[in-house]
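The file run37.txt contains compact mmCIF, C-alpha atoms and all ligand atoms:
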# COMPACT_ATOMS: atom_id res chain seq x y z
CA MET A 1 22.38 3.59 3.02
CA VAL A 2 20.94 4.20 -0.42
CA ALA A 3 23.41 4.64 -3.30
CA ALA A 4 23.37 8.03 -5.05
CA HIS A 5 22.51 6.49 -8.44
CA VAL A 6 19.10 5.47 -7.07
CA TYR A 7 18.09 9.08 -6.51
CA LYS A 8 19.56 10.11 -9.86
CA THR A 9 17.51 7.42 -11.59
CA ILE A 10 14.33 8.71 -9.95
CA ASP A 11 15.32 12.27 -10.86
CA ALA A 12 15.44 11.25 -14.53
CA LEU A 13 11.65 10.83 -14.45
CA PRO A 14 9.25 13.75 -14.88
CA VAL A 15 8.36 15.08 -11.43
CA ASP A 16 4.67 14.53 -12.14
CA ALA A 17 5.15 10.82 -12.96
CA HIS A 18 2.89 8.77 -10.68
CA PRO A 19 4.52 8.22 -7.26
CA MET A 20 4.26 4.43 -7.75
CA THR A 21 6.21 4.71 -11.02
CA GLN A 22 8.91 6.72 -9.30
CA PHE A 23 9.00 4.36 -6.32
CA THR A 24 9.21 1.20 -8.42
CA THR A 25 11.92 2.79 -10.57
CA GLY A 26 13.86 3.42 -7.35
CA VAL A 27 13.44 -0.23 -6.37
CA MET A 28 14.76 -1.34 -9.76
CA ALA A 29 17.74 0.98 -9.32
CA LEU A 30 18.44 -0.62 -5.93
CA GLN A 31 18.58 -4.02 -7.65
CA VAL A 32 22.16 -3.54 -8.86
CA GLU A 33 23.22 -4.35 -5.29
CA SER A 34 21.49 -7.71 -5.16
CA GLU A 35 23.49 -10.21 -3.10
CA PHE A 36 21.41 -13.05 -4.49
CA GLN A 37 22.28 -12.23 -8.06
CA LYS A 38 26.01 -12.03 -7.25
CA ALA A 39 25.98 -15.30 -5.31
CA TYR A 40 23.97 -17.06 -8.03
CA ASP A 41 26.45 -15.90 -10.68
CA ASN A 42 29.24 -17.31 -8.49
CA GLY A 43 27.63 -20.75 -8.42
CA LEU A 44 25.93 -20.77 -5.01
CA PRO A 45 24.30 -24.20 -4.39
CA LYS A 46 20.51 -24.36 -4.23
CA SER A 47 20.51 -25.31 -0.53
CA LYS A 48 22.03 -21.91 0.27
CA PHE A 49 19.80 -19.73 -1.92
CA TRP A 50 17.85 -18.53 1.09
CA GLU A 51 20.91 -16.83 2.65
CA PRO A 52 21.51 -14.03 0.09
CA THR A 53 17.71 -13.82 -0.35
CA TYR A 54 17.50 -13.03 3.35
CA GLU A 55 20.26 -10.38 3.02
CA ASP A 56 18.53 -8.83 0.00
CA CYS A 57 15.17 -8.69 1.76
CA LEU A 58 16.63 -7.00 4.84
CA ASN A 59 18.52 -4.48 2.69
CA LEU A 60 15.47 -3.85 0.54
CA ILE A 61 13.12 -3.36 3.50
CA ALA A 62 15.64 -1.02 5.16
CA ARG A 63 16.13 1.08 2.03
CA LEU A 64 12.48 1.53 1.10
CA PRO A 65 11.58 4.34 3.55
CA PRO A 66 14.38 6.66 2.34
CA VAL A 67 13.52 5.91 -1.31
CA ALA A 68 9.77 6.31 -0.74
CA SER A 69 10.15 9.51 1.25
CA TYR A 70 12.52 10.88 -1.40
CA VAL A 71 9.73 10.37 -3.96
CA TYR A 72 7.21 12.12 -1.70
CA ARG A 73 9.46 15.10 -0.99
CA ARG A 74 10.48 15.33 -4.65
CA ILE A 75 6.89 15.52 -5.88
CA PHE A 76 5.12 17.39 -3.12
CA LYS A 77 7.74 19.28 -1.05
CA SER A 78 10.02 20.86 -3.68
CA GLY A 79 12.62 18.12 -3.32
CA LYS A 80 13.75 18.94 0.22
CA SER A 81 14.70 15.59 1.78
CA ILE A 82 14.79 14.92 5.52
CA GLU A 83 17.57 12.89 7.15
CA ALA A 84 16.66 9.64 8.88
CA ASP A 85 16.50 9.65 12.68
CA ASN A 86 17.84 6.23 13.54
CA SER A 87 16.72 6.49 17.15
CA LEU A 88 13.17 5.93 15.87
CA ASP A 89 11.51 2.64 14.96
CA TYR A 90 10.90 1.74 11.32
CA ALA A 91 7.43 3.24 10.86
CA ALA A 92 8.10 6.36 12.94
CA ASN A 93 11.34 7.02 11.07
CA PHE A 94 9.48 6.70 7.78
CA SER A 95 6.89 9.21 8.95
CA HIS A 96 9.69 11.52 10.11
CA MET A 97 11.42 11.35 6.71
CA LEU A 98 8.14 12.14 5.00
CA GLY A 99 7.95 15.26 7.21
CA PHE A 100 5.35 14.22 9.82
CA ASP A 101 6.50 14.17 13.46
CA ASP A 102 3.24 14.45 15.40
CA PRO A 103 3.37 11.54 17.91
CA LYS A 104 -0.17 10.51 16.86
CA MET A 105 0.93 10.36 13.24
CA LEU A 106 3.90 8.19 14.26
CA GLU A 107 1.45 5.88 16.01
CA LEU A 108 -0.80 5.88 12.94
CA MET A 109 2.15 4.94 10.74
CA ARG A 110 2.98 2.02 13.06
CA LEU A 111 -0.59 0.82 12.69
CA TYR A 112 -0.57 1.46 8.95
CA VAL A 113 2.66 -0.45 8.26
CA THR A 114 1.57 -3.36 10.45
CA ILE A 115 -1.84 -3.91 8.89
CA HIS A 116 -0.59 -3.57 5.31
CA THR A 117 2.35 -5.93 5.73
CA ASP A 118 0.64 -9.04 4.50
CA HIS A 119 -2.70 -10.54 3.62
CA GLU A 120 -1.85 -14.18 2.96
CA GLY A 121 -0.44 -15.25 -0.40
CA GLY A 122 -3.32 -14.86 -2.83
CA ASN A 123 -3.60 -11.11 -3.29
CA VAL A 124 -2.13 -9.67 -6.49
CA SER A 125 1.05 -8.20 -4.99
CA ALA A 126 1.95 -11.13 -2.74
CA HIS A 127 1.19 -13.62 -5.47
CA THR A 128 3.17 -11.66 -8.05
CA GLY A 129 6.18 -11.45 -5.72
CA HIS A 130 6.05 -15.21 -5.23
CA LEU A 131 5.47 -15.96 -8.94
CA VAL A 132 8.34 -13.80 -10.18
CA GLY A 133 10.56 -15.04 -7.35
CA SER A 134 9.84 -18.62 -8.46
CA ALA A 135 11.89 -17.86 -11.60
CA LEU A 136 14.80 -17.20 -9.17
CA SER A 137 14.50 -13.50 -9.93
CA ASP A 138 16.08 -11.79 -6.92
CA PRO A 139 13.99 -10.01 -4.24
CA TYR A 140 14.37 -6.58 -5.87
CA LEU A 141 13.07 -7.84 -9.23
CA SER A 142 10.29 -9.80 -7.54
CA PHE A 143 9.23 -6.93 -5.31
CA ALA A 144 9.26 -4.41 -8.19
CA ALA A 145 6.93 -6.75 -10.10
CA ALA A 146 4.69 -7.00 -7.04
CA LEU A 147 4.56 -3.20 -6.81
CA ASN A 148 3.36 -2.99 -10.40
CA GLY A 149 0.44 -5.19 -9.41
CA LEU A 150 -0.18 -3.11 -6.31
CA ALA A 151 -0.36 -0.01 -8.54
CA GLY A 152 -3.62 -1.25 -10.12
CA PRO A 153 -6.89 0.41 -9.03
CA LEU A 154 -8.52 -2.90 -8.10
CA HIS A 155 -5.63 -3.59 -5.72
CA GLY A 156 -3.45 -1.09 -3.82
CA LEU A 157 -4.38 1.99 -5.83
CA ALA A 158 -7.86 1.71 -4.32
CA ASN A 159 -6.68 3.68 -1.27
CA GLN A 160 -5.97 6.64 -3.56
CA GLU A 161 -9.33 6.18 -5.27
CA VAL A 162 -11.23 6.16 -1.97
CA LEU A 163 -10.03 9.55 -0.79
CA LEU A 164 -10.58 11.10 -4.22
CA TRP A 165 -14.10 9.65 -4.31
CA ILE A 166 -14.87 10.92 -0.79
CA LYS A 167 -13.68 14.37 -1.77
CA SER A 168 -15.85 14.21 -4.90
CA VAL A 169 -18.88 13.51 -2.66
CA ILE A 170 -18.16 16.67 -0.68
CA GLU A 171 -17.56 18.69 -3.82
CA GLU A 172 -20.96 17.70 -5.15
CA THR A 173 -23.03 17.85 -1.98
CA GLY A 174 -21.14 20.22 0.36
CA SER A 175 -19.70 19.24 3.73
CA GLY A 176 -23.01 18.66 5.57
CA VAL A 177 -24.03 15.74 3.36
CA THR A 178 -27.26 14.02 4.46
CA THR A 179 -27.84 10.26 4.41
CA ASP A 180 -30.23 10.61 1.46
CA GLN A 181 -27.74 12.67 -0.53
CA LEU A 182 -25.10 10.06 0.19
CA LYS A 183 -27.39 7.24 -0.96
CA ASP A 184 -28.07 9.17 -4.20
CA TYR A 185 -24.36 9.67 -4.79
CA VAL A 186 -23.60 5.98 -4.23
CA TRP A 187 -26.33 4.99 -6.70
CA LYS A 188 -25.08 7.56 -9.20
CA THR A 189 -21.57 6.07 -8.97
CA LEU A 190 -22.88 2.52 -9.45
CA LYS A 191 -25.23 3.46 -12.30
CA SER A 192 -22.37 5.12 -14.17
CA GLY A 193 -20.70 1.69 -14.28
CA LYS A 194 -18.14 2.40 -11.55
CA VAL A 195 -17.51 0.70 -8.23
CA VAL A 196 -17.66 2.34 -4.82
CA PRO A 197 -13.96 2.22 -4.01
CA GLY A 198 -12.99 0.54 -0.75
CA PHE A 199 -16.01 -1.78 -0.56
CA GLY A 200 -15.98 -5.50 -1.33
CA HIS A 201 -13.12 -7.97 -1.33
CA GLY A 202 -11.91 -11.00 -3.26
CA VAL A 203 -12.07 -13.37 -0.27
CA LEU A 204 -13.33 -11.53 2.83
CA ARG A 205 -17.05 -11.88 3.52
CA LYS A 206 -17.33 -9.44 6.42
CA THR A 207 -15.91 -6.08 7.43
CA ASP A 208 -12.15 -6.17 6.93
CA PRO A 209 -10.56 -6.32 10.41
CA ARG A 210 -7.99 -3.83 9.13
CA TYR A 211 -10.87 -1.42 8.52
CA SER A 212 -12.13 -1.99 12.05
CA CYS A 213 -8.80 -1.25 13.73
CA GLN A 214 -8.45 1.96 11.75
CA ARG A 215 -11.97 2.89 12.77
CA GLU A 216 -11.00 2.32 16.41
CA PHE A 217 -7.98 4.57 15.91
CA ALA A 218 -10.22 7.29 14.43
CA LEU A 219 -12.81 6.99 17.21
CA LYS A 220 -10.01 7.47 19.73
CA HIS A 221 -7.97 10.22 18.05
CA LEU A 222 -10.15 12.08 15.54
CA PRO A 223 -13.84 11.40 16.26
CA LYS A 224 -14.92 14.84 15.05
CA ASP A 225 -12.98 14.84 11.78
CA PRO A 226 -15.59 15.55 9.05
CA LEU A 227 -14.08 13.07 6.60
CA PHE A 228 -14.04 10.34 9.25
CA GLN A 229 -17.70 11.10 9.96
CA LEU A 230 -18.41 10.71 6.26
CA VAL A 231 -16.55 7.38 6.21
CA SER A 232 -18.67 6.28 9.17
CA LYS A 233 -21.84 7.26 7.33
CA LEU A 234 -20.70 5.31 4.27
CA TYR A 235 -20.34 2.26 6.51
CA GLU A 236 -24.09 2.52 7.19
CA VAL A 237 -25.19 3.52 3.70
CA VAL A 238 -23.13 1.47 1.23
CA PRO A 239 -23.52 -2.19 2.39
CA PRO A 240 -27.36 -2.23 2.11
CA ILE A 241 -27.17 -0.67 -1.37
CA LEU A 242 -24.59 -3.20 -2.55
CA THR A 243 -26.69 -6.00 -1.06
CA GLU A 244 -29.78 -4.66 -2.88
CA LEU A 245 -27.76 -4.64 -6.10
CA GLY A 246 -27.52 -8.41 -5.68
CA LYS A 247 -24.31 -9.03 -7.60
CA VAL A 248 -21.87 -8.37 -4.80
CA LYS A 249 -20.52 -11.23 -2.66
CA ASN A 250 -19.17 -8.92 0.02
CA PRO A 251 -20.76 -5.50 0.58
CA TRP A 252 -18.48 -4.60 3.51
CA PRO A 253 -15.64 -2.07 3.60
CA ASN A 254 -12.03 -3.19 3.22
CA VAL A 255 -8.71 -1.80 4.44
CA ASP A 256 -8.60 0.89 1.73
CA ALA A 257 -11.94 2.42 2.73
CA HIS A 258 -10.38 3.93 5.83
CA SER A 259 -6.68 4.66 5.49
CA GLY A 260 -6.92 7.87 3.44
CA VAL A 261 -9.01 9.87 5.91
CA LEU A 262 -6.58 9.06 8.74
CA LEU A 263 -3.53 10.12 6.76
CA ASN A 264 -5.36 13.19 5.49
CA HIS A 265 -6.20 14.20 9.07
CA PHE A 266 -2.51 14.45 9.97
CA GLY A 267 -1.62 16.42 6.84
CA LEU A 268 -0.64 13.65 4.44
CA SER A 269 -3.35 14.66 2.01
CA GLU A 270 -1.76 13.74 -1.33
CA ALA A 271 -3.89 10.73 -2.25
CA ARG A 272 -1.75 9.87 -5.30
CA TYR A 273 1.00 8.93 -2.86
CA TYR A 274 -0.99 6.51 -0.70
CA THR A 275 -0.19 3.33 -2.62
CA VAL A 276 3.52 3.93 -1.99
CA LEU A 277 2.84 3.66 1.75
CA PHE A 278 1.07 0.38 1.07
CA GLY A 279 4.06 -0.80 -0.99
CA VAL A 280 6.63 -0.01 1.70
CA SER A 281 4.55 -1.94 4.23
CA ARG A 282 3.98 -4.96 2.00
CA SER A 283 7.71 -5.46 1.46
CA MET A 284 7.80 -7.29 4.80
CA GLY A 285 5.18 -9.83 3.80
CA ILE A 286 6.56 -10.37 0.32
CA GLY A 287 10.16 -10.45 1.57
CA SER A 288 9.49 -13.06 4.23
CA GLN A 289 7.57 -15.15 1.72
CA LEU A 290 10.52 -15.06 -0.69
CA ILE A 291 12.94 -16.19 2.01
CA TRP A 292 10.70 -19.18 2.77
CA ASP A 293 10.28 -19.94 -0.94
CA ARG A 294 14.06 -20.26 -1.28
CA ALA A 295 14.51 -22.08 2.05
CA LEU A 296 11.90 -24.67 1.06
CA GLY A 297 13.27 -24.91 -2.48
CA LEU A 298 9.85 -24.25 -4.01
CA PRO A 299 9.71 -24.83 -7.76
CA LEU A 300 9.10 -22.54 -10.73
CA GLU A 301 5.41 -21.68 -10.84
CA ARG A 302 3.84 -22.75 -14.12
CA PRO A 303 0.03 -22.90 -14.12
CA LYS A 304 -1.61 -24.91 -16.87
CA SER A 305 -2.98 -22.68 -19.61
CA VAL A 306 -6.50 -23.41 -20.76
CA THR A 307 -7.79 -22.49 -24.21
CA MET A 308 -10.72 -20.11 -23.97
C1 LIG B 401 -4.65 -6.96 0.24
O1 LIG B 401 -4.34 -6.59 1.36
O2 LIG B 401 -3.81 -7.37 -0.57
C2 LIG B 401 -6.06 -6.82 -0.18
O3 LIG B 401 -6.92 -7.04 0.88
C3 LIG B 401 -6.39 -7.59 -1.42
C4 LIG B 401 -6.48 -9.08 -1.28
O4 LIG B 401 -6.24 -9.64 -0.22
O5 LIG B 401 -6.80 -9.73 -2.28

So that I can check it, write out the structure of this file as structure tokens.
Ligand code: MLT
Amino acid sequence: MVAAHVYKTIDALPVDAHPMTQFTTGVMALQVESEFQKAYDNGLPKSKFWEPTYEDCLNLIARLPPVASYVYRRIFKSGKSIEADNSLDYAANFSHMLGFDDPKMLELMRLYVTIHTDHEGGNVSAHTGHLVGSALSDPYLSFAAALNGLAGPLHGLANQEVLLWIKSVIEETGSGVTTDQLKDYVWKTLKSGKVVPGFGHGVLRKTDPRYSCQREFALKHLPKDPLFQLVSKLYEVVPPILTELGKVKNPWPNVDAHSGVLLNHFGLSEARYYTVLFGVSRSMGIGSQLIWDRALGLPLERPKSVTM
């Protein structure tokens, strides 16, 4: 259950505040129920820190879908919330509360949540969760910090940017875009000093496997969708251009290059919301990492600072 004050706190924000701001505010409002903080204040020994961390992470993960769907319905569906259906699994129930019950959309949400759960510890959100948690900030505080990292356009917000960019291609060229028109548009984007969102990655040096499994889903369920066909064309057009540019270590598409067109196909077309879906999913990776951090008694993280 989510306490009423959480929704009231979100309601205090302007309805057009970015969905990530509303979501993270909801997470901060959930924090008042932290078991870790209570136990710490009561003198819990270090060897037992992992126990209330575990409780907090389970509570947090369980409460995110109602909070996230409340944000979605508040902004895009005139505030009409949908009750949870506890006969459904986690991802399907989340989709249901958002207002999407098509069985294929439920399956998509299962895929979506699974592939966004974690991506080892070095990405901005996972690392931030670990860093803030190393100060013994409880899981709510640590996860809210991680979400603020995820909200950056070079990290989780890229999934929003991709769909907006794809729609801008269609606006400029019309729906029957040719390969040459697409190449021109990619060059235009790069020459204006911007990146092609959804391509490249900090550590991957090949097509992101999370891209590939979404592509498989699309080939199976929506092969004729015009936006999917455009995404497919980009897969052919963008990597050679980025390679020609010479500066890019990885010209291949990443997870964000694909997710928007799938969600859009099933009616979840509000790109500004996409990073919230990413955030809900990543709670499982960050939460499990925090439990291990406390179980292993990992120390405060304090990198050496170097004068520049
Ligand atoms: C992620 O899933 O966090 C992204 O692929 C970014 C990264 O791993 O650095």

Could you list, with a cut-off of 9 Å and counting all atoms listed in the file, the residues of chain A near ligand LIG 401 (chain B), each shown with its nearest atom pair and the distance in Å rounded to one decimal, rows sorted by chain and ascending number, as a tab-separated table?
residue	atom	partner	partner_atom	distance
A:Ile115	CA	B:LIG401	O1	8.4
A:His116	CA	B:LIG401	O1	6.2
A:Thr117	CA	B:LIG401	O1	8.0
A:Asp118	CA	B:LIG401	O1	6.4
A:His119	CA	B:LIG401	O1	4.8
A:Glu120	CA	B:LIG401	O4	7.1
A:Gly121	CA	B:LIG401	O4	8.1
A:Gly122	CA	B:LIG401	O5	6.2
A:Asn123	CA	B:LIG401	O5	3.6
A:Val124	CA	B:LIG401	O5	6.3
A:Ser125	CA	B:LIG401	O2	6.6
A:Ala126	CA	B:LIG401	O2	7.2
A:Leu150	CA	B:LIG401	O2	8.0
A:Leu154	CA	B:LIG401	C3	8.4
A:His155	CA	B:LIG401	C3	5.9
A:Gly156	CA	B:LIG401	O2	7.1
A:His201	CA	B:LIG401	O5	6.6
A:Gly202	CA	B:LIG401	O5	5.4
A:Val203	CA	B:LIG401	O5	6.7
A:Leu204	CA	B:LIG401	O4	7.9
A:Asp208	CA	B:LIG401	O3	8.0
A:Arg210	CA	B:LIG401	O3	8.9
A:Asn254	CA	B:LIG401	O3	6.8
A:Val255	CA	B:LIG401	O3	6.6
A:Asp256	CA	B:LIG401	O3	8.2
A:Phe278	CA	B:LIG401	O1	8.8
A:Arg282	CA	B:LIG401	O1	8.5

TODO: Would you mind listing what lies within 9 Å of Ser142 in chain A as a PyMOL selection string, with all atoms listed in the file counted and same-chain residues fewer than 5 positions away left out?
DONE: chain A and resi 128-134+136-137+147+286+290

Open item on the list: Which residue is closest to Thr207 in chain A? Choose from A:Asp225, A:Asp102, A:Glu236, A:Asp180 and count only C-alpha atoms.
Closed with: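 Going through A:Asp225, A:Asp102, A:Glu236, A:Asp180 one by one, the smallest distance to Thr207 in chain A is for A:Glu236.
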
Open item on the list: What does the structure give for the distance between CA of Gly152 in chain A and CA of Lys249 in chain A, in Å to one decimal?
Closed with: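 If I compute the distance from CA of Gly152 in chain A to CA of Lys249 in chain A, I get 21.0 Å.
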
Task: Counting only C-alpha atoms, the residue of A:Lys304, A:Arg294, A:Lys80, A:Lys247 that sits nearest Phe49 in chain A - done: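 So, comparing all the options, the nearest one is A:Arg294.
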
Open item on the list: Just checking: using all atoms listed in the file, which residue out of A:Asn86, A:Asn264, A:Thr275, A:Ser192 ends up closest to Ala62 in chain A?
Closed with: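 Closest to Ala62 in chain A, using all atoms listed in the file: A:Asn86.
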
Task: Selection: 9 Å around Gly198 in chain A, only C-alpha atoms, excl. self and same-chain fewer than 6 positions, as a ChimeraX atom specification - done: /A:158-159,161-162,252-258
